[in-house]
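Just input.txt here, compact mmCIF, C-alpha atoms:
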# COMPACT_ATOMS: atom_id res chain seq x y z
CA MET G 1 75.23 122.48 84.66
CA LYS G 2 71.89 124.06 85.29
CA ASN G 3 71.57 127.28 87.17
CA ILE G 4 75.23 128.02 86.85
CA SER G 5 74.91 131.28 84.99
CA LEU G 6 74.74 133.39 88.11
CA ILE G 7 76.88 131.58 90.58
CA VAL G 8 78.03 133.16 93.73
CA ILE G 9 81.28 131.57 94.71
CA LEU G 10 81.66 131.35 98.41
CA PHE G 11 85.33 131.93 98.09
CA LEU G 12 84.74 135.30 96.48
CA LEU G 13 81.90 136.08 98.81
CA ILE G 14 83.90 135.35 101.90
CA ASN G 15 86.94 137.08 100.45
CA SER G 16 84.97 140.23 99.90
CA PHE G 17 83.71 140.07 103.45
CA VAL G 18 87.18 139.33 104.73
CA ASN G 19 88.63 142.26 102.84
CA ALA G 20 86.00 144.50 104.30
CA GLN G 21 86.85 143.16 107.72
CA SER G 22 90.59 142.98 107.24
CA LYS G 23 91.26 145.21 110.22
CA ASN G 24 89.64 142.71 112.51
CA LYS G 25 90.53 139.17 111.53
CA GLU G 26 89.02 137.76 114.71
CA ASN G 27 85.59 138.33 113.21
CA TYR G 28 85.45 135.37 110.87
CA GLY G 29 85.72 131.65 111.22
CA LYS G 30 84.58 128.20 110.21
CA VAL G 31 82.77 125.63 112.31
CA ILE G 32 81.75 122.16 111.20
CA TYR G 33 78.55 120.91 112.79
CA GLU G 34 76.86 117.55 112.69
CA ARG G 35 73.08 117.71 112.53
CA LEU G 36 71.27 114.71 113.97
CA LEU G 37 67.55 114.41 113.30
CA ASN G 38 65.76 111.68 115.16
CA PHE G 39 62.13 111.55 114.06
CA ASP G 40 60.20 108.33 114.77
CA GLY G 41 63.33 106.61 116.11
CA ASN G 42 65.05 106.82 112.75
CA PRO G 43 68.19 108.97 113.28
CA LYS G 44 69.74 110.72 110.30
CA SER G 45 73.05 112.50 110.46
CA THR G 46 74.27 115.25 108.11
CA GLU G 47 77.43 117.34 108.22
CA PHE G 48 77.27 121.11 107.75
CA SER G 49 79.80 123.93 107.64
CA LEU G 50 79.25 127.36 109.10
CA PHE G 51 81.28 130.26 107.72
CA PHE G 52 80.88 133.65 109.28
CA ASN G 53 82.20 137.16 109.59
CA SER G 54 80.77 140.07 111.51
CA ASP G 55 77.83 140.57 109.17
CA PHE G 56 77.04 137.23 107.57
CA SER G 57 76.91 133.56 108.31
CA ILE G 58 76.59 130.81 105.72
CA PHE G 59 75.47 127.39 106.91
CA TYR G 60 75.60 124.73 104.25
CA GLU G 61 75.50 121.02 103.72
CA GLU G 62 78.93 119.46 103.32
CA ARG G 63 77.91 116.53 101.14
CA ILE G 64 75.22 116.24 98.50
CA GLU G 65 72.70 113.47 99.08
CA PRO G 66 72.93 110.55 96.65
CA LYS G 67 70.39 110.10 93.91
CA GLU G 68 67.03 108.82 95.04
CA GLU G 69 66.21 105.16 94.92
CA THR G 70 63.07 103.78 93.38
CA THR G 71 61.90 100.39 94.55
CA LEU G 72 59.07 98.10 93.58
CA LYS G 73 57.78 96.07 96.47
CA PRO G 74 56.26 92.64 95.89
CA SER G 75 52.48 92.81 95.62
CA SER G 76 50.22 91.55 98.34
CA ASP G 77 47.03 89.64 97.64
CA ASP G 78 44.79 92.65 98.06
CA GLU G 79 46.68 95.46 96.49
CA PHE G 80 49.72 96.32 94.42
CA ASP G 81 52.29 98.31 96.34
CA LEU G 82 54.68 100.77 94.83
CA SER G 83 57.12 102.60 97.00
CA PHE G 84 59.28 105.61 96.24
CA ASP G 85 62.04 107.16 98.31
CA ILE G 86 62.33 110.67 96.97
CA LYS G 87 65.52 112.60 97.57
CA PHE G 88 66.72 115.65 95.75
CA ASN G 89 69.78 115.51 93.62
CA GLY G 90 72.52 117.96 92.85
CA SER G 91 71.77 120.86 95.14
CA LYS G 92 72.79 121.75 98.65
CA TYR G 93 70.82 123.08 101.55
CA ILE G 94 72.27 126.52 102.27
CA VAL G 95 71.19 129.03 104.90
CA LEU G 96 72.64 132.51 104.39
CA THR G 97 71.98 134.90 107.28
CA ASP G 98 72.50 138.63 106.79
CA PHE G 99 72.74 140.19 110.23
CA ARG G 100 72.81 143.71 108.82
CA LYS G 101 69.41 143.34 107.20
CA ASP G 102 68.13 140.70 109.63
CA THR G 103 67.24 138.40 106.75
CA ILE G 104 67.73 134.73 106.00
CA GLN G 105 67.91 133.21 102.53
CA SER G 106 67.71 129.43 102.31
CA GLN G 107 68.36 127.40 99.18
CA VAL G 108 66.07 124.37 99.11
CA SER G 109 64.62 121.98 96.55
CA LEU G 110 61.04 120.77 96.24
CA PHE G 111 59.09 118.54 93.92
CA ARG G 112 56.96 120.84 91.79
CA ASP G 113 55.32 120.68 88.35
CA GLY G 114 56.59 117.15 87.87
CA LYS G 115 60.24 117.80 88.62
CA GLN G 116 62.78 118.91 91.18
CA LYS G 117 62.82 122.68 91.55
CA THR G 118 65.20 124.74 93.66
CA TYR G 119 64.09 127.94 95.40
CA ILE G 120 65.62 130.69 97.47
CA VAL G 121 63.35 131.11 100.48
CA GLU G 122 63.45 134.54 102.08
CA GLU G 123 62.49 135.27 105.66
CA LYS G 124 63.21 137.68 108.47
CA VAL G 125 65.58 136.64 111.25
CA LYS G 126 63.51 135.40 114.18
CA LYS G 127 65.19 136.60 117.37
CA ILE G 128 65.31 133.96 120.05
CA ASP G 129 64.66 135.12 123.59
CA TRP G 130 67.40 133.03 125.21
CA SER G 131 67.39 132.45 128.94
CA ILE G 132 71.00 132.07 130.09
CA THR G 133 71.51 129.92 133.17
CA GLN G 134 74.48 129.61 135.52
CA GLU G 135 75.11 125.99 134.56
CA PHE G 136 78.51 125.25 133.04
CA LYS G 137 80.35 122.28 131.57
CA THR G 138 83.41 121.67 129.45
CA ILE G 139 82.90 120.80 125.79
CA SER G 140 85.95 120.04 123.63
CA GLY G 141 88.13 122.01 126.04
CA PHE G 142 85.88 125.08 126.04
CA LYS G 143 84.00 126.26 129.10
CA ALA G 144 80.39 126.16 127.94
CA GLN G 145 77.33 127.79 129.50
CA ARG G 146 73.76 126.59 129.21
CA ALA G 147 70.95 128.62 127.68
CA GLU G 148 67.36 127.79 126.84
CA GLY G 149 65.16 129.31 124.20
CA LEU G 150 62.01 128.71 122.19
CA PHE G 151 62.21 128.71 118.43
CA ARG G 152 59.32 127.81 116.16
CA GLY G 153 57.63 125.29 118.37
CA ARG G 154 60.66 123.68 119.95
CA LYS G 155 62.43 124.37 123.22
CA TYR G 156 66.18 124.34 122.57
CA ILE G 157 68.92 123.78 125.13
CA ALA G 158 72.13 125.37 123.88
CA TRP G 159 75.68 125.26 125.22
CA PHE G 160 77.70 128.27 124.14
CA THR G 161 81.19 129.44 125.02
CA ASN G 162 82.23 132.95 125.96
CA GLU G 163 85.77 131.97 124.99
CA ILE G 164 84.67 132.54 121.36
CA PRO G 165 82.58 135.68 121.76
CA ILE G 166 80.61 135.56 118.54
CA LYS G 167 76.85 135.35 118.27
CA TYR G 168 76.62 132.53 115.76
CA GLY G 169 75.40 129.01 115.86
CA PRO G 170 74.15 126.30 113.55
CA TRP G 171 71.22 126.72 111.14
CA LYS G 172 68.98 129.57 112.36
CA LEU G 173 70.03 129.39 116.01
CA ASN G 174 72.00 132.54 116.83
CA ASP G 175 72.23 135.48 119.19
CA LEU G 176 73.95 134.12 122.26
CA PRO G 177 77.01 135.93 123.70
CA GLY G 178 79.31 133.16 122.44
CA LEU G 179 79.57 130.50 119.76
CA ILE G 180 77.02 127.68 120.15
CA LEU G 181 78.90 124.40 120.55
CA ASN G 182 75.97 122.06 121.10
CA VAL G 183 72.26 122.58 120.84
CA SER G 184 69.34 120.17 120.99
CA ASP G 185 65.61 120.38 121.52
CA ASP G 186 64.05 119.00 124.69
CA LYS G 187 62.65 115.99 122.79
CA ASN G 188 66.10 115.11 121.38
CA GLU G 189 64.68 115.10 117.86
CA VAL G 190 66.90 117.91 116.60
CA MET G 191 70.57 118.14 117.59
CA PHE G 192 73.60 120.06 116.35
CA TYR G 193 77.13 119.35 117.59
CA ALA G 194 80.27 121.32 116.72
CA LYS G 195 82.90 118.90 115.44
CA SER G 196 85.60 121.34 114.38
CA ILE G 197 86.17 125.02 115.20
CA LYS G 198 88.55 127.34 113.37
CA VAL G 199 88.48 130.89 114.71
CA PRO G 200 90.03 132.94 113.27
CA PHE G 201 89.87 131.15 109.97
CA ASN G 202 92.19 131.74 107.02
CA ILE G 203 89.92 131.33 104.01
CA LYS G 204 92.89 130.91 101.68
CA SER G 205 94.10 127.85 103.61
CA ASP G 206 90.98 125.88 102.75
CA SER G 207 90.46 124.83 99.16
CA ASN G 208 87.06 123.25 99.83
CA ASN G 209 85.14 126.50 100.02
CA GLU G 210 83.36 126.69 96.72
CA PHE G 211 79.72 126.03 96.25
CA THR G 212 76.90 127.47 94.20
CA PHE G 213 74.22 129.72 95.58
CA GLY G 214 72.04 130.18 92.58
CA ASN G 215 70.77 133.70 92.30
CA ASP G 216 68.78 132.64 89.27
CA TYR G 217 66.54 130.40 91.35
CA ASP G 218 63.06 131.73 92.02
CA LYS G 219 62.84 133.66 95.26
CA ILE G 220 59.82 132.86 97.39
CA SER G 221 58.63 133.84 100.83
CA LEU G 222 58.70 131.43 103.75
CA SER G 223 54.89 131.20 103.73
CA LYS G 224 54.94 130.25 100.05
CA TYR G 225 57.60 127.62 100.72
CA LEU G 226 55.45 126.11 103.48
CA GLU G 227 52.49 126.09 101.11
CA TYR G 228 54.54 124.24 98.47
CA LYS G 229 55.89 121.84 101.07
CA LYS G 230 52.36 120.87 102.11
CA GLN G 231 51.56 120.11 98.48
CA GLN G 232 54.37 117.59 97.92
CA VAL G 233 52.16 114.52 97.99
CA GLU G 234 49.53 116.29 95.90
CA GLU G 235 52.21 117.13 93.34
CA VAL G 236 53.07 113.47 92.92
CA LYS G 237 49.37 112.62 92.85
CA LYS G 238 48.92 114.99 89.92
CA LEU G 239 51.77 113.31 88.10
CA PHE G 240 50.34 109.85 88.63
CA SER G 241 46.88 111.01 87.59
CA SER G 242 48.18 111.67 84.13
CA LYS G 243 49.39 108.07 83.92
CA LEU G 244 46.17 106.52 85.12
CA PRO G 245 44.10 104.44 82.75
CA ARG G 246 40.61 105.59 81.88
CA GLY G 247 38.08 104.78 84.53
CA ALA G 248 40.57 104.43 87.34
CA ARG G 249 40.16 106.80 90.24
CA MET G 250 42.13 107.89 93.28
CA GLU G 251 40.52 107.11 96.56
CA THR G 252 42.77 108.15 99.40
CA THR G 253 45.71 110.37 100.02
CA LYS G 254 47.41 110.22 103.37
CA SER G 255 50.22 112.52 104.34
CA LYS G 256 52.37 112.88 107.42
CA SER G 257 55.44 115.00 107.94
CA ASN G 258 58.20 115.57 110.49
CA ASP G 259 59.64 119.07 110.56
CA ILE G 260 62.33 120.85 112.50
CA GLU G 261 60.14 123.94 112.62
CA LEU G 262 56.74 123.12 114.10
CA LYS G 263 55.07 126.51 114.53
CA TYR G 264 55.55 129.81 112.77
CA GLU G 265 54.97 133.34 113.88
CA GLU G 266 52.11 135.28 112.33
CA THR G 267 54.51 137.73 110.71
CA ILE G 268 55.71 135.24 108.11
CA LYS G 269 52.41 135.55 106.27
CA ASP G 270 52.50 137.60 103.10
CA MET U 1 102.31 69.75 101.61
CA LYS U 2 101.44 71.44 98.32
CA LYS U 3 98.85 68.78 97.60
CA LEU U 4 97.30 69.25 101.02
CA THR U 5 97.11 73.02 100.52
CA PHE U 6 95.55 72.56 97.10
CA ILE U 7 92.95 70.13 98.46
CA LEU U 8 92.11 72.52 101.32
CA ILE U 9 91.63 75.45 98.89
CA VAL U 10 89.41 73.40 96.59
CA PHE U 11 87.39 72.09 99.54
CA SER U 12 86.94 75.61 100.96
CA PHE U 13 85.84 76.95 97.58
CA ILE U 14 83.23 74.21 97.16
CA THR U 15 81.97 74.63 100.73
CA PHE U 16 81.60 78.41 100.50
CA SER U 17 80.04 78.29 97.05
CA PHE U 18 77.50 75.74 98.20
CA ALA U 19 76.73 77.67 101.39
CA SER U 20 76.19 81.00 99.63
CA SER U 21 73.93 79.49 97.01
CA ASN U 22 71.54 78.17 99.63
CA ILE U 23 71.39 80.92 102.20
CA PRO U 24 69.84 84.20 101.07
CA ASN U 25 72.18 86.41 103.06
CA GLU U 26 72.21 90.18 103.04
CA LEU U 27 74.62 90.47 100.15
CA ASN U 28 72.38 88.71 97.68
CA CYS U 29 69.18 90.03 99.23
CA SER U 30 68.45 92.41 96.36
CA GLU U 31 68.88 89.62 93.86
CA TYR U 32 66.53 87.49 95.92
CA GLU U 33 63.97 90.31 95.97
CA VAL U 34 64.25 90.73 92.22
CA VAL U 35 63.49 87.03 91.76
CA LYS U 36 60.55 87.25 94.15
CA THR U 37 59.28 90.38 92.41
CA THR U 38 59.58 88.69 89.04
CA GLU U 39 57.70 85.67 90.33
CA ASN U 40 55.00 87.95 91.64
CA ALA U 41 54.97 89.79 88.35
CA ILE U 42 54.40 86.55 86.42
CA GLU U 43 51.73 85.47 88.86
CA ASN U 44 50.05 88.85 88.74
CA SER U 45 50.24 89.14 85.00
CA GLU U 46 48.21 85.96 84.77
CA ASN U 47 45.51 87.79 86.68
CA SER U 48 46.10 91.09 84.92
CA ASN U 49 42.48 91.50 84.04
CA LEU U 50 41.55 91.65 87.71
CA LEU U 51 41.05 95.19 88.93
CA LYS U 52 42.56 95.94 92.29
CA ASP U 53 43.84 98.81 94.39
CA CYS U 54 47.23 100.23 93.51
CA THR U 55 48.88 101.89 96.47
CA VAL U 56 51.75 104.28 95.97
CA ARG U 57 53.81 105.04 99.05
CA LEU U 58 55.97 108.15 98.97
CA ASP U 59 58.81 108.98 101.30
CA PHE U 60 60.27 112.45 100.78
CA THR U 61 63.44 113.67 102.44
CA LEU U 62 63.72 117.41 101.93
CA GLU U 63 67.05 119.17 102.25
CA ASP U 64 65.90 121.20 105.24
CA GLY U 65 65.47 117.97 107.18
CA THR U 66 61.73 117.59 106.70
CA THR U 67 60.50 114.09 106.03
CA ILE U 68 57.11 113.56 104.40
CA GLN U 69 55.33 110.25 104.10
CA GLY U 70 52.41 110.05 101.73
CA GLU U 71 50.12 107.38 100.45
CA ILE U 72 47.97 107.47 97.33
CA THR U 73 45.59 104.67 96.44
CA PHE U 74 44.36 104.24 92.90
CA VAL U 75 41.21 102.18 92.80
CA ASP U 76 40.25 99.60 90.18
CA VAL U 77 43.42 99.36 88.17
CA SER U 78 45.03 96.28 86.72
CA TRP U 79 48.41 95.03 87.83
CA TRP U 80 49.79 96.00 84.45
CA ASP U 81 48.46 99.56 84.67
CA CYS U 82 49.96 99.90 88.12
CA THR U 83 53.31 98.62 86.89
CA LYS U 84 53.17 100.89 83.85
CA MET U 85 52.84 103.90 86.14
CA GLN U 86 55.90 102.81 88.06
CA LEU U 87 57.91 102.17 84.92
CA ALA U 88 56.84 105.45 83.37
CA ALA U 89 57.84 107.35 86.49
CA TRP U 90 61.21 105.62 86.59
CA TRP U 91 61.85 105.94 82.86
CA GLU U 92 61.08 109.64 82.72
CA ARG U 93 63.32 110.25 85.73
CA ASN U 94 60.58 112.28 87.29
CA PHE U 95 61.66 111.28 90.77
As structure tokens, the full file:
Amino acid sequence: MKNISLIVILFLLINSFVNAQSKNKENYGKVIYERLLNFDGNPKSTEFSLFFNSDFSIFYEERIEPKEETTLKPSSDDEFDLSFDIKFNGSKYIVLTDFRKDTIQSQVSLFRDGKQKTYIVEEKVKKIDWSITQEFKTISGFKAQRAEGLFRGRKYIAWFTNEIPIKYGPWKLNDLPGLILNVSDDKNEVMFYAKSIKVPFNIKSDSNNEFTFGNDYDKISLSKYLEYKKQQVEEVKKLFSSKLPRGARMETTKSKSNDIELKYEETIKD
Amino acid sequence: MKKLTFILIVFSFITFSFASSNIPNELNCSEYEVVKTTENAIENSENSNLLKDCTVRLDFTLEDGTTIQGEITFVDVSWWDCTKMQLAAWWERNF
């Protein structure tokens, strides 16, 4: 039960927001999105929930990933192969957007100093300059309108609906005149689809609203997070170095990554 | 009729048991791999004094969706040293 001491319970969080917004119950809701990432032809699907009121949105992973698997591959004639699939256990990816302060706090885990470590990554909201077109289609009974926008190295095509006139969408994609129902990049590597929409949403009707957002995790800037992320392979290399026999040496380190965010604005630098 | 049913059940049991013991299907694939790995381990341990390259392949899946593939090659290590590193990493639950 690590990092439990300062837990923010979503239920309480949302309740406090709801109380503050009690005069306008239309301002909060819950949307369940499916995120589909398709890097290198290997699609991975994850379900997320989006809670929101007029000031905040909280986008979080519905299910925690299972514990990582460690496998030993049979050796070849020339070398001994070891293979590790590293996944992080026991924490959820959470993106909390504060529209009053224009800030985003993301809870993410990394491999650091020989173990899993969870951080709160702080960044400013990056406004997307959406271009709204006059193309329409019906999605799940809603009249949806097409918009295009660039966000951190990807061109996104979003379908939003004016029938739910709120500016929210999945992950960090916001600021259209209506709720984003579907959004994908032009390479079809990153996709979000709304699976369920409850607006307005009665928080008390849903018992599955509790999760931890650990305020006792170290807060780091986005640039620091990116720096740590680049060092993931090096971190494991350091760990293995300590296990190496005398005389053995490391010759090569190759690293390749697939990211949702490809380019960052200059302003994220400390 | 009862005898016929009994014979059919026994025949089916023998047939399926025999079939599954000979075909390495997907269900017993991991067991098959364990056997192969053990065989390799025995074979390699016989040559444990030989120094070879030990390649560690890493596949990270971060919660934000990022995937990272890495490869580290340790040069001139014995099979046993390579295996020890794997066992140590697993035992200490570092990953």
For segment 72-139 of chain G against segment 163-172 of chain G, with a cut-off of 12 Å and counting only C-alpha atoms, what is the closest atom pair and its distance in Å to one decimal for every residue that makes the cut, ordered by chain and number, as a tab-separated table?
residue	atom	partner	partner_atom	distance
G:Tyr93	CA	G:Trp171	CA	10.3
G:Ile94	CA	G:Trp171	CA	8.9
G:Val95	CA	G:Trp171	CA	6.7
G:Leu96	CA	G:Trp171	CA	9.0
G:Thr97	CA	G:Lys172	CA	8.0
G:Asp98	CA	G:Lys172	CA	11.2
G:Phe99	CA	G:Tyr168	CA	10.2
G:Asp102	CA	G:Lys172	CA	11.5
G:Thr103	CA	G:Lys172	CA	10.6
G:Ile104	CA	G:Lys172	CA	8.3
G:Gln105	CA	G:Lys172	CA	10.5
G:Ser106	CA	G:Trp171	CA	9.9
G:Glu123	CA	G:Lys172	CA	10.9
G:Lys124	CA	G:Lys172	CA	10.7
G:Val125	CA	G:Lys172	CA	7.9
G:Lys126	CA	G:Lys172	CA	8.2
G:Lys127	CA	G:Lys172	CA	9.4
G:Ile128	CA	G:Lys172	CA	9.6
G:Trp130	CA	G:Lys167	CA	12.0
G:Thr138	CA	G:Glu163	CA	11.5
G:Ile139	CA	G:Glu163	CA	11.6
*Specify as an NGL selection string all residues of chain U found within 6 Å of chain G, counting all atoms listed in the file.*
:U and (37 or 52-61 or 63 or 66-77 or 85 or 94)
*Taking (78.4, 117.0, 113.2) in the file's coordinates as the center, which residues reach within 12 Å of it, counting all atoms listed in the file, put as a PyMOL selection string?*
chain G and resi 31-37+44-50+61-62+170+181-183+191-197
*Residue with smallest distance to Pro43 of chain G - pool G:Ala147, G:Asp218, G:Gln231, G:Glu189, counting all atoms listed in the file*: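 Once distances to Pro43 of chain G are computed over all atoms listed in the file, the minimum belongs to G:Glu189.
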*What is the atom CA of Tyr60 of chain G-atom CA of Lys30 of chain G distance in Å, reported with one decimal?*
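Value for the atom CA of Tyr60 of chain G-atom CA of Lys30 of chain G distance: 11.3 Å.
Across the structure, atom CA of Phe201 of chain G and atom CA of Gln134 of chain G are spaced 29.9 Å apart.
The residue that comes closest to Phe51 of chain G, out of G:Tyr28, G:Tyr228, G:Phe142, G:Phe160 and on the basis of all atoms listed in the file, is G:Tyr28.
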_What does the structure give for the distance between atom CA of Lys137 of chain G and atom CA of Thr161 of chain G, in Å to one decimal?_
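Separation of atom CA of Lys137 of chain G and atom CA of Thr161 of chain G: 9.7 Å.
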